[in-house]
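What follows is the content of run.txt, which has compact mmCIF, C-alpha atoms and all ligand atoms:
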# COMPACT_ATOMS: atom_id res chain seq x y z
CA MET A 24 94.46 147.72 106.62
CA ASP A 25 94.27 151.35 107.84
CA GLU A 26 92.56 153.88 105.59
CA TYR A 27 95.81 155.47 104.28
CA LYS A 28 97.42 152.13 103.43
CA ASN A 29 94.12 151.09 101.86
CA THR A 30 94.04 154.23 99.70
CA ILE A 31 97.65 153.80 98.52
CA SER A 32 97.10 150.10 97.81
CA LEU A 33 94.04 150.90 95.71
CA LYS A 34 96.03 153.53 93.79
CA THR A 35 98.78 150.96 93.15
CA LEU A 36 96.18 148.54 91.82
CA GLU A 37 94.58 151.26 89.64
CA ASN A 38 98.00 152.15 88.20
CA THR A 39 98.67 148.48 87.50
CA ALA A 40 95.25 148.09 85.88
CA ALA A 41 96.02 151.06 83.59
CA ALA A 42 99.34 149.43 82.61
CA LEU A 43 97.58 146.12 81.91
CA ARG A 44 95.08 147.92 79.66
CA ARG A 45 97.98 149.47 77.72
CA ASN A 46 99.11 145.88 77.13
CA ASN A 47 95.66 145.00 75.72
CA PHE A 48 94.35 143.13 78.78
CA GLU A 49 91.06 144.01 80.40
CA ALA A 50 91.59 144.93 84.04
CA ALA A 51 89.41 145.80 87.01
CA VAL A 52 90.13 146.64 90.65
CA TYR A 53 88.16 145.29 93.62
CA GLU A 54 88.27 146.40 97.23
CA SER A 55 87.88 142.86 98.54
CA GLY A 56 87.86 139.20 97.61
CA PRO A 57 84.09 138.86 98.05
CA ALA A 58 83.53 141.84 95.71
CA ALA A 59 85.70 140.19 93.04
CA ALA A 60 83.97 136.85 93.57
CA ALA A 61 80.54 138.45 93.13
CA ALA A 62 81.66 140.11 89.88
CA LEU A 63 83.06 136.84 88.59
CA LEU A 64 79.86 134.94 89.39
CA SER A 65 77.86 137.57 87.52
CA LEU A 66 80.22 137.40 84.53
CA ALA A 67 80.16 133.59 84.37
CA GLY A 68 76.39 133.21 84.67
CA THR A 69 75.25 129.62 84.33
CA GLY A 70 75.65 126.58 82.11
CA LYS A 71 79.34 127.13 81.31
CA LYS A 72 82.30 124.80 81.38
CA ILE A 73 84.89 126.49 83.55
CA GLY A 74 88.49 125.28 83.56
CA VAL A 75 90.41 126.02 86.74
CA GLY A 76 94.19 125.98 87.04
CA GLY A 77 95.55 125.12 90.48
CA SER A 78 95.04 128.36 92.42
CA ILE A 79 94.87 129.04 96.13
CA THR A 80 93.34 132.44 95.32
CA VAL A 81 90.48 130.85 93.39
CA SER A 82 89.85 128.25 96.08
CA ALA A 83 90.19 130.76 98.96
CA LEU A 84 87.36 132.78 97.44
CA GLY A 85 85.18 129.65 97.26
CA LEU A 86 84.77 130.09 93.52
CA PRO A 87 84.66 126.44 92.35
CA GLU A 88 81.82 125.70 94.79
CA ALA A 89 79.94 128.94 94.06
CA LEU A 90 80.26 128.53 90.27
CA ALA A 91 79.10 124.92 90.47
CA ALA A 92 76.15 125.94 92.67
CA ALA A 93 75.21 128.47 89.97
CA GLY A 94 74.91 125.64 87.42
CA ASN A 95 78.38 125.64 85.86
CA THR A 96 80.63 122.61 85.34
CA ILE A 97 84.10 122.89 86.86
CA VAL A 98 86.92 121.21 84.95
CA THR A 99 90.01 120.81 87.08
CA HIS A 100 92.48 118.15 88.21
CA SER A 101 92.26 116.73 91.71
CA PRO A 102 94.87 115.10 93.98
CA GLY A 103 93.77 111.49 93.43
CA MET A 104 93.99 111.53 89.61
CA ASN A 105 96.55 109.40 87.80
CA ALA A 106 98.86 110.98 85.21
CA GLU A 107 96.62 110.17 82.21
CA ALA A 108 93.49 111.50 83.91
CA ARG A 109 95.31 114.72 84.82
CA ARG A 110 96.53 115.15 81.27
CA SER A 111 93.07 114.70 79.75
CA THR A 112 91.58 117.05 82.38
CA TRP A 113 94.14 119.74 81.54
CA LEU A 114 93.28 119.43 77.83
CA ALA A 115 89.56 119.60 78.63
CA ALA A 116 90.15 122.72 80.75
CA GLN A 117 91.88 124.34 77.76
CA ALA A 118 88.71 123.74 75.73
CA ALA A 119 86.31 125.13 78.37
CA ASP A 120 84.24 128.32 77.96
CA ILE A 121 86.14 130.20 80.67
CA TYR A 122 89.49 129.57 82.35
CA LEU A 123 90.25 130.77 85.88
CA ALA A 124 93.73 131.05 87.33
CA SER A 125 96.02 133.32 89.30
CA PRO A 126 99.47 134.52 88.21
CA GLN A 127 102.42 134.44 90.60
CA ALA A 128 103.18 138.06 89.77
CA VAL A 129 101.67 141.10 88.06
CA THR A 130 104.16 143.84 87.31
CA LEU A 131 103.54 147.55 87.65
CA ASP A 132 104.12 147.86 83.90
CA GLY A 133 101.36 145.36 83.17
CA LYS A 134 103.08 142.02 82.59
CA LEU A 135 101.84 138.68 83.91
CA ILE A 136 104.14 135.95 85.21
CA PHE A 137 103.26 132.29 85.77
CA LEU A 138 105.64 129.58 86.99
CA ASP A 139 104.48 125.98 86.70
CA ALA A 140 105.60 122.42 87.21
CA ASN A 141 103.63 121.07 84.27
CA GLY A 142 102.80 124.02 82.01
CA ASN A 143 99.09 123.24 81.64
CA ARG A 144 98.17 126.65 83.02
CA GLY A 145 100.67 128.37 80.72
CA ALA A 146 99.17 126.62 77.70
CA ALA A 147 95.65 127.62 78.77
CA VAL A 148 96.43 131.31 79.28
CA ILE A 149 98.26 131.58 75.94
CA CYS A 150 95.83 129.70 73.72
CA GLY A 151 93.03 128.20 75.75
CA PRO A 152 89.43 129.21 76.38
CA ARG A 153 88.15 132.36 74.65
CA LYS A 154 87.61 134.00 78.05
CA ILE A 155 90.38 133.89 80.61
CA VAL A 156 89.96 135.47 84.04
CA LEU A 157 93.04 135.94 86.21
CA LEU A 158 92.67 136.91 89.87
CA ALA A 159 95.51 138.51 91.77
CA GLY A 160 95.71 139.85 95.32
CA ILE A 161 97.85 142.90 96.03
CA ASN A 162 100.58 140.61 97.34
CA LYS A 163 101.20 139.53 93.71
CA ILE A 164 102.22 143.03 92.56
CA ALA A 165 105.91 143.32 91.61
CA ARG A 166 107.83 146.38 90.48
CA ASN A 167 109.11 144.83 87.25
CA GLN A 168 109.74 141.58 85.38
CA GLU A 169 112.92 140.80 87.29
CA GLU A 170 111.23 141.29 90.66
CA GLY A 171 108.21 139.31 89.47
CA LEU A 172 110.37 136.34 88.51
CA TRP A 173 112.16 136.62 91.86
CA ARG A 174 108.80 136.61 93.63
CA ALA A 175 107.57 133.62 91.61
CA ARG A 176 110.54 131.54 92.78
CA ASN A 177 111.33 132.83 96.27
CA VAL A 178 107.87 133.65 97.59
CA ALA A 179 105.28 131.70 95.57
CA ALA A 180 107.19 128.52 94.70
CA ALA A 181 108.97 128.29 98.04
CA GLY A 182 105.67 128.75 99.88
CA ASN A 183 103.91 126.21 97.69
CA ASN A 184 106.71 123.70 98.26
CA LEU A 185 106.13 124.12 101.97
CA ARG A 186 102.35 123.84 101.58
CA LEU A 187 102.63 120.73 99.40
CA LYS A 188 105.27 119.18 101.71
CA LYS A 189 107.77 118.78 98.87
CA ASP A 190 111.26 117.72 99.85
CA ASN A 191 112.95 120.50 97.88
CA PRO A 192 115.86 122.69 99.02
CA CYS A 193 113.83 125.94 99.22
CA VAL A 194 111.79 124.45 102.07
CA LYS A 195 114.95 124.23 104.16
CA THR A 196 116.75 127.43 103.11
CA GLY A 197 113.76 129.73 102.57
CA LYS A 198 114.93 130.76 99.08
CA CYS A 199 115.06 129.28 95.61
CA GLU A 200 118.19 127.20 95.09
CA ASP A 201 117.48 126.55 91.36
CA CYS A 202 117.49 122.90 92.31
CA ALA A 203 117.84 119.72 90.27
CA SER A 204 115.35 117.89 92.46
CA PRO A 205 113.10 115.31 90.74
CA GLN A 206 110.22 116.97 92.65
CA ARG A 207 111.09 120.47 91.40
CA ILE A 208 107.88 122.45 90.78
CA CYS A 209 109.50 125.27 88.79
CA ASN A 210 109.82 124.05 85.19
CA ALA A 211 107.85 126.33 82.87
CA VAL A 212 107.74 130.13 82.95
CA THR A 213 104.92 131.85 81.07
CA LEU A 214 105.46 135.57 80.66
CA LEU A 215 102.71 137.59 79.02
CA TRP A 216 104.18 140.91 77.92
CA LYS A 217 100.97 141.76 76.09
CA LYS A 218 97.71 139.90 75.54
CA PRO A 219 98.02 137.09 72.97
CA TRP A 220 95.57 137.52 70.09
CA PRO A 221 93.22 134.51 70.42
CA ASN A 222 91.67 135.13 73.86
CA ASP A 223 89.99 137.81 75.96
CA VAL A 224 91.94 138.14 79.20
CA LEU A 225 90.44 139.92 82.22
CA VAL A 226 92.73 140.57 85.18
CA MET A 227 90.90 141.11 88.47
CA LEU A 228 93.16 142.97 90.91
CA ILE A 229 92.05 142.60 94.52
CA ASN A 230 93.04 144.74 97.48
CA GLU A 231 93.69 141.76 99.76
CA ASP A 232 96.54 139.32 100.25
CA LEU A 233 95.45 136.16 98.44
CA GLY A 234 97.31 133.01 97.45
CA TYR A 235 101.08 132.55 97.14
S1 LIG B 1 113.58 125.59 91.60
FE1 LIG B 1 113.71 124.08 93.27
S2 LIG B 1 114.57 125.25 95.01
FE2 LIG B 1 113.80 126.75 93.53
S3 LIG B 1 111.71 127.20 94.29
FE3 LIG B 1 111.58 125.61 92.67
S4 LIG B 1 111.54 123.68 93.80
FE4 LIG B 1 112.33 125.27 95.22

Turn the structure described in the file into structure tokens.
Ligand code: SF4
Amino acid sequence: MDEYKNTISLKTLENTAAALRRNNFEAAVYESGPAAAAALLSLAGTGKKIGVGGSITVSALGLPEALAAAGNTIVTHSPGMNAEARRSTWLAAQAADIYLASPQAVTLDGKLIFLDANGNRGAAVICGPRKIVLLAGINKIARNQEEGLWRARNVAAAGNNLRLKKDNPCVKTGKCEDCASPQRICNAVTLLWKKPWPNDVLVMLINEDLGY
């Protein structure tokens, strides 16, 4: 990124962070993924149970491995688990000390949008661990709620369908068709207008493209 684009992007993230704070979230801006990862490792410390929602951003930053190496226990589902094991893992993640995830969109007026197949992440960010940390690259910034929901379906979900090799219509057309497919991954929208009361929520905004 050239220096002028970098400066504008950082200002956009600072403006978004200010809007998030007005909505009672904590928010911080980082110039890079490694800087955010270092801050998160320092915040988590050691000896914690850390629930992780499926997140390419979290895995791209190597956080599960780094947190485990620092003496934390990672609670997350994995591809080989059967339905019952996944369900009990999701419930255990909701009872962890910290929950890590990434929204599909963060709006300039400080709202957070999540779109899920199962809703385990939505449940965790509404009423899960006392400390929730959400990481979002600058590619997740949307002008408003409407654009954020559009992004969640047409950019994030369509891209994830492609990544997961799902036989859903968006893979062929390149846009959300609001399908009735049995493999549809867009079933539960979680929209945080303001921070729910029970949890502390820190949003880490990162000046890099990360995740879908
Ligand atoms: S609703 Fe269906 S078509 Fe739309 S993004 Fe989700 S899986 Fe794809």

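Near Ala159 in chain A, within 7 Å and counting all atoms listed in the file, sit Ser125, Pro126, Lys163, Met227, Leu228 and Ile229 of chain A, not including residues fewer than 3 positions from it in the same chain.
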
**Asked** Please, which residues have at least one atom within 12 Å of an atom of ligand LIG 1 (chain B), using all atoms listed in the file, listed as a PyMOL selection string?
**Response** chain A and resi 138-140+172-212

Mind running range 84-135 of chain A against range 75-79 of chain A at 9 Å and telling me each contacting residue's nearest atom pair with the distance in Å (one decimal), counting only C-alpha atoms, chain and number ascending, as JSON lines?
{"residue": "A:Leu84", "atom": "CA", "partner": "A:Ile79", "partner_atom": "CA", "distance": 8.5}
{"residue": "A:Pro87", "atom": "CA", "partner": "A:Val75", "partner_atom": "CA", "distance": 8.0}
{"residue": "A:Ile97", "atom": "CA", "partner": "A:Val75", "partner_atom": "CA", "distance": 7.0}
{"residue": "A:Val98", "atom": "CA", "partner": "A:Val75", "partner_atom": "CA", "distance": 6.2}
{"residue": "A:Thr99", "atom": "CA", "partner": "A:Val75", "partner_atom": "CA", "distance": 5.2}
{"residue": "A:His100", "atom": "CA", "partner": "A:Gly77", "partner_atom": "CA", "distance": 7.9}
{"residue": "A:Trp113", "atom": "CA", "partner": "A:Gly76", "partner_atom": "CA", "distance": 8.3}
{"residue": "A:Ala116", "atom": "CA", "partner": "A:Val75", "partner_atom": "CA", "distance": 6.8}
{"residue": "A:Ile121", "atom": "CA", "partner": "A:Val75", "partner_atom": "CA", "distance": 8.5}
{"residue": "A:Tyr122", "atom": "CA", "partner": "A:Val75", "partner_atom": "CA", "distance": 5.7}
{"residue": "A:Leu123", "atom": "CA", "partner": "A:Val75", "partner_atom": "CA", "distance": 4.8}
{"residue": "A:Ala124", "atom": "CA", "partner": "A:Gly76", "partner_atom": "CA", "distance": 5.1}
{"residue": "A:Ser125", "atom": "CA", "partner": "A:Ser78", "partner_atom": "CA", "distance": 5.9}
{"residue": "A:Pro126", "atom": "CA", "partner": "A:Ser78", "partner_atom": "CA", "distance": 8.7}

Using C-alpha atoms, can you export the residues from the last selection as a PDB file, keeping the file's coordinate frame?
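Just written: part14.pdb:
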ATOM      1  CA  LEU A  84      87.360 132.780  97.440  1.00  0.00           C
ATOM      2  CA  PRO A  87      84.660 126.440  92.350  1.00  0.00           C
ATOM      3  CA  ILE A  97      84.100 122.890  86.860  1.00  0.00           C
ATOM      4  CA  VAL A  98      86.920 121.210  84.950  1.00  0.00           C
ATOM      5  CA  THR A  99      90.010 120.810  87.080  1.00  0.00           C
ATOM      6  CA  HIS A 100      92.480 118.150  88.210  1.00  0.00           C
ATOM      7  CA  TRP A 113      94.140 119.740  81.540  1.00  0.00           C
ATOM      8  CA  ALA A 116      90.150 122.720  80.750  1.00  0.00           C
ATOM      9  CA  ILE A 121      86.140 130.200  80.670  1.00  0.00           C
ATOM     10  CA  TYR A 122      89.490 129.570  82.350  1.00  0.00           C
ATOM     11  CA  LEU A 123      90.250 130.770  85.880  1.00  0.00           C
ATOM     12  CA  ALA A 124      93.730 131.050  87.330  1.00  0.00           C
ATOM     13  CA  SER A 125      96.020 133.320  89.300  1.00  0.00           C
ATOM     14  CA  PRO A 126      99.470 134.520  88.210  1.00  0.00           C
TER      15      PRO A 126
END

**Item:** Shell around Pro152 in chain A at 8 Å using only C-alpha atoms, local window under 2 positions removed, as a ChimeraX atom specification
**Value:** /A:116-122,147-148,150,154-155,222

Residues from last step as file, C-alpha atoms, as a CSV table (one decimal), keeping the file's coordinate frame:
chain,number,residue,atom,x,y,z
A,116,ALA,CA,90.2,122.7,80.8
A,117,GLN,CA,91.9,124.3,77.8
A,118,ALA,CA,88.7,123.7,75.7
A,119,ALA,CA,86.3,125.1,78.4
A,120,ASP,CA,84.2,128.3,78.0
A,121,ILE,CA,86.1,130.2,80.7
A,122,TYR,CA,89.5,129.6,82.4
A,147,ALA,CA,95.6,127.6,78.8
A,148,VAL,CA,96.4,131.3,79.3
A,150,CYS,CA,95.8,129.7,73.7
A,154,LYS,CA,87.6,134.0,78.0
A,155,ILE,CA,90.4,133.9,80.6
A,222,ASN,CA,91.7,135.1,73.9

**Prompt:** Hey, which of A:Thr96, A:Glu49, A:Ile31, A:Val156 ends up closest to Thr69 in chain A? Count all atoms listed in the file.
**Reply:**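 Nearest candidate to Thr69 in chain A out of A:Thr96, A:Glu49, A:Ile31, A:Val156: A:Thr96.
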
Sorted per-residue table, range 74-140 of chain A near range 35-46 of chain A, closest atoms and distance, 12 Å, all atoms listed in the file, as a tab-separated table:
residue	atom	partner	partner_atom	distance
A:Ala128	CA	A:Thr39	CA	11.6
A:Val129	CA	A:Thr39	CA	8.0
A:Thr130	CA	A:Thr39	CA	7.2
A:Leu131	CA	A:Thr39	CA	5.0
A:Asp132	CA	A:Ala42	CA	5.2
A:Gly133	CA	A:Leu43	CA	4.1
A:Lys134	CA	A:Leu43	CA	6.9
A:Leu135	CA	A:Leu43	CA	8.8

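Checking A:Ala51, A:Leu63, A:Ile149, A:Leu215 one by one against Asn230 in chain A, counting all atoms listed in the file, you find the shortest gap at A:Ala51.
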
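Using all atoms listed in the file for every distance, the candidate list A:Gly151, A:Leu157, A:Phe137, A:Gly74 yields A:Phe137 as the residue closest to Gly171 in chain A.
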